[in-house]
Amino acid sequence: MSQIIVSKQRAIRKDNPLLNMVGKVLLYVVLIAVALFTLIPFVWMISSSLKLDREVFVYPIRWIPEVFHWENYTLIWQKVPLVTYFKNTAFIAIVVTFLQTLTSSFAAYAFAKLHFKGRDVLFMAYIATIAVPWQAYMLPQFIMMRSMGLYDTLWAMVVLQAFSAFGVFLMRQFYQSIPTELCEAARIDGLSEYGIWARIMLPLSKAAIATLVIFTFVGTWNDYMGPMIYLTRDVNKTIQVGLRRFIQENSSDYHLIMAASLCSLLPVSVVFLCLQKYFIEGIATSGLKG
């Protein structure tokens, strides 16, 4: 009965183009309203970055400042070593993203296209580590980094994040959608497993790689707890930890915090804009197989 009602409603919509147009207009209005609502914090951050500190929390909110204080974007580089923080964060984010993409794609290829004893059990055991909260093994990691002499070095953050169970899971699911016959034909032609991975799997998995790069880069760039624990010297701190320098004992420069936060968003935005084509393509084709 319900199927008959639905089919009748679809028939009515097809016969009535005005109804279809009204429905689309309402849908776009709702989507635009939701998008504008989600952009409110970002707009407030931009507005606050161009104000004086005493004007940031004025009520009611003044969205457009009376005077635009562009000098805030100059002060943030003079008040704290922001260039050093950006260099440290960029080094960690780029190296970790490269290593995670490399190791995840290697492991995913083995779990998806190679057959060896205990493969499925090993994969399930590795993926199960995603469910373990970081706080559960935070102390053993700290002791391990200190014993290895990597405490208070940027390489501590690189070593800890070079491998990702989520990345392996993501890449494996995509590799499974690639026909196994391609790998078998390549093996018959004498191509090694490394050659199959480099010449067949990687070129066909641009969408999955782009997705993993975006998730890894954004997560590493915005990481706060890791650098807060393992990096103590000011010369090694990242941008997210360095933002605390604008918070003094008895006062906080919220206008400078907003300006520095806006600058810290630019690299993440650039990475997403450069890879959004492949990222959206991966979402659009995630339900297809073969």
# chains A, B, ... in the order shown; residues from 1 in each chain; ligands from 1
$ residues_around --residues "Thr238 in chain A" --least-positions-apart "3" --cutoff "6 Å" --atoms "only C-alpha atoms" --output "list in words"
Tyr85, Asn88, Thr89, Val241 and Gly242 of chain A
$ residues_around --residues "range 154-162 of chain A" --least-positions-apart "6" --cutoff "8 Å" --atoms "only C-alpha atoms" --output "list in words"
Asn88, Ile92, Val95, Val96, Thr97, Leu99, Gln100, Thr103, Met145, Gly226, Pro227, Tyr230, Leu231 and Asn236 of chain A
$ residues_around --residues "Tyr175 in chain A" --least-positions-apart "5" --cutoff "10 Å" --atoms "only C-alpha atoms" --output "number ranges by chain"
A: 105, 108-113, 169-170, 180, 201-202, 204-205, 208
$ write_last_selection --atoms "N, CA and C atoms" --output "short mmCIF file (atom, residue, chain, number, x, y, z; two decimals), in the first residue's frame"
data_model
loop_
_atom_site.label_atom_id
_atom_site.label_comp_id
_atom_site.auth_asym_id
_atom_site.auth_seq_id
_atom_site.Cartn_x
_atom_site.Cartn_y
_atom_site.Cartn_z
N SER A 105 49.17 2.62 2.59
CA SER A 105 48.94 2.02 1.28
C SER A 105 49.69 0.71 1.12
N ALA A 108 47.76 -1.82 3.31
CA ALA A 108 46.44 -2.06 2.72
C ALA A 108 46.53 -2.96 1.50
N TYR A 109 47.56 -2.78 0.71
CA TYR A 109 47.74 -3.65 -0.47
C TYR A 109 47.94 -5.10 -0.04
N ALA A 110 48.74 -5.30 1.01
CA ALA A 110 48.98 -6.67 1.49
C ALA A 110 47.69 -7.28 2.03
N PHE A 111 46.92 -6.51 2.80
CA PHE A 111 45.69 -7.04 3.38
C PHE A 111 44.59 -7.24 2.33
N ALA A 112 44.63 -6.50 1.23
CA ALA A 112 43.57 -6.57 0.24
C ALA A 112 43.87 -7.55 -0.89
N LYS A 113 45.13 -7.64 -1.34
CA LYS A 113 45.42 -8.39 -2.55
C LYS A 113 46.38 -9.56 -2.37
N PHE A 169 42.73 0.84 7.09
CA PHE A 169 41.34 0.44 6.84
C PHE A 169 40.76 1.17 5.63
N LEU A 170 41.00 2.47 5.55
CA LEU A 170 40.47 3.26 4.43
C LEU A 170 41.04 2.80 3.11
N THR A 180 40.78 -7.79 -8.90
CA THR A 180 41.98 -8.58 -8.63
C THR A 180 42.62 -9.08 -9.92
N MET A 201 48.01 0.04 -8.46
CA MET A 201 47.16 0.39 -7.32
C MET A 201 47.16 1.88 -7.03
N LEU A 202 48.33 2.49 -6.97
CA LEU A 202 48.40 3.92 -6.64
C LEU A 202 47.72 4.81 -7.68
N LEU A 204 45.25 4.17 -9.52
CA LEU A 204 43.81 3.96 -9.49
C LEU A 204 43.17 4.39 -8.16
N SER A 205 43.97 4.80 -7.21
CA SER A 205 43.45 5.13 -5.89
C SER A 205 43.71 6.58 -5.50
N ALA A 208 41.17 7.84 -2.82
CA ALA A 208 41.43 7.35 -1.46
C ALA A 208 42.66 8.02 -0.88
#
$ closest_residue --among "A:Trp197, A:Phe215, A:Phe142, A:Phe86" --to "Val271 in chain A" --atoms "only C-alpha atoms"
A:Phe215
$ residues_around --residues "range 114-119 of chain A" --least-positions-apart "6" --cutoff "12 Å" --atoms "only C-alpha atoms" --output "VMD selection string"
chain A and resid 106 to 108 125 to 126 172 175 to 176 180 183 to 184 187 193 to 194 196 to 197
$ write_last_selection --atoms "N, CA and C atoms" --output "JSON list (two decimals), in the first residue's frame"
[["chain", "number", "residue", "atom", "x", "y", "z"],
["A", 106, "PHE", "N", 50.91, 0.60, 1.68],
["A", 106, "PHE", "CA", 51.65, -0.65, 1.65],
["A", 106, "PHE", "C", 50.89, -1.76, 2.38],
["A", 107, "ALA", "N", 50.51, -1.47, 3.63],
["A", 107, "ALA", "CA", 49.81, -2.48, 4.43],
["A", 107, "ALA", "C", 48.46, -2.82, 3.83],
["A", 108, "ALA", "N", 47.76, -1.82, 3.31],
["A", 108, "ALA", "CA", 46.44, -2.06, 2.72],
["A", 108, "ALA", "C", 46.53, -2.96, 1.50],
["A", 125, "ALA", "N", 42.93, -7.55, 14.30],
["A", 125, "ALA", "CA", 43.63, -7.14, 15.51],
["A", 125, "ALA", "C", 44.20, -5.73, 15.37],
["A", 126, "TYR", "N", 44.70, -5.42, 14.18],
["A", 126, "TYR", "CA", 45.25, -4.09, 13.96],
["A", 126, "TYR", "C", 44.16, -3.03, 13.95],
["A", 172, "ARG", "N", 42.50, -0.09, 2.39],
["A", 172, "ARG", "CA", 42.13, -1.49, 2.09],
["A", 172, "ARG", "C", 40.74, -1.57, 1.50],
["A", 175, "TYR", "N", 41.07, -0.51, -2.07],
["A", 175, "TYR", "CA", 41.79, -1.49, -2.88],
["A", 175, "TYR", "C", 40.93, -2.70, -3.22],
["A", 176, "GLN", "N", 40.04, -3.05, -2.30],
["A", 176, "GLN", "CA", 39.18, -4.21, -2.56],
["A", 176, "GLN", "C", 38.21, -3.97, -3.71],
["A", 180, "THR", "N", 40.78, -7.79, -8.90],
["A", 180, "THR", "CA", 41.98, -8.58, -8.63],
["A", 180, "THR", "C", 42.62, -9.08, -9.92],
["A", 183, "CYS", "N", 45.78, -7.32, -10.99],
["A", 183, "CYS", "CA", 47.01, -7.75, -10.29],
["A", 183, "CYS", "C", 47.50, -9.08, -10.84],
["A", 184, "GLU", "N", 46.58, -9.99, -11.09],
["A", 184, "GLU", "CA", 46.97, -11.30, -11.61],
["A", 184, "GLU", "C", 47.58, -11.18, -13.00],
["A", 187, "ARG", "N", 51.08, -9.90, -12.60],
["A", 187, "ARG", "CA", 52.01, -10.94, -12.12],
["A", 187, "ARG", "C", 52.41, -11.87, -13.27],
["A", 193, "GLU", "N", 55.43, -7.39, -6.82],
["A", 193, "GLU", "CA", 54.36, -6.83, -5.99],
["A", 193, "GLU", "C", 54.56, -5.33, -5.78],
["A", 194, "TYR", "N", 55.80, -4.91, -5.64],
["A", 194, "TYR", "CA", 56.07, -3.47, -5.51],
["A", 194, "TYR", "C", 55.69, -2.74, -6.79],
["A", 196, "ILE", "N", 53.35, -3.71, -8.94],
["A", 196, "ILE", "CA", 51.89, -3.68, -9.01],
["A", 196, "ILE", "C", 51.35, -2.56, -8.13],
["A", 197, "TRP", "N", 51.94, -2.43, -6.94],
["A", 197, "TRP", "CA", 51.49, -1.38, -6.02],
["A", 197, "TRP", "C", 51.74, 0.01, -6.60]]
$ closest_residue --among "A:Met144, A:Leu82, A:Ile209, A:Val121" --to "Phe174 in chain A" --atoms "only C-alpha atoms"
A:Ile209
$ closest_residue --among "A:Met45, A:Ile130, A:Ile94, A:Val34" --to "Leu265 in chain A" --atoms "only C-alpha atoms"
A:Met45
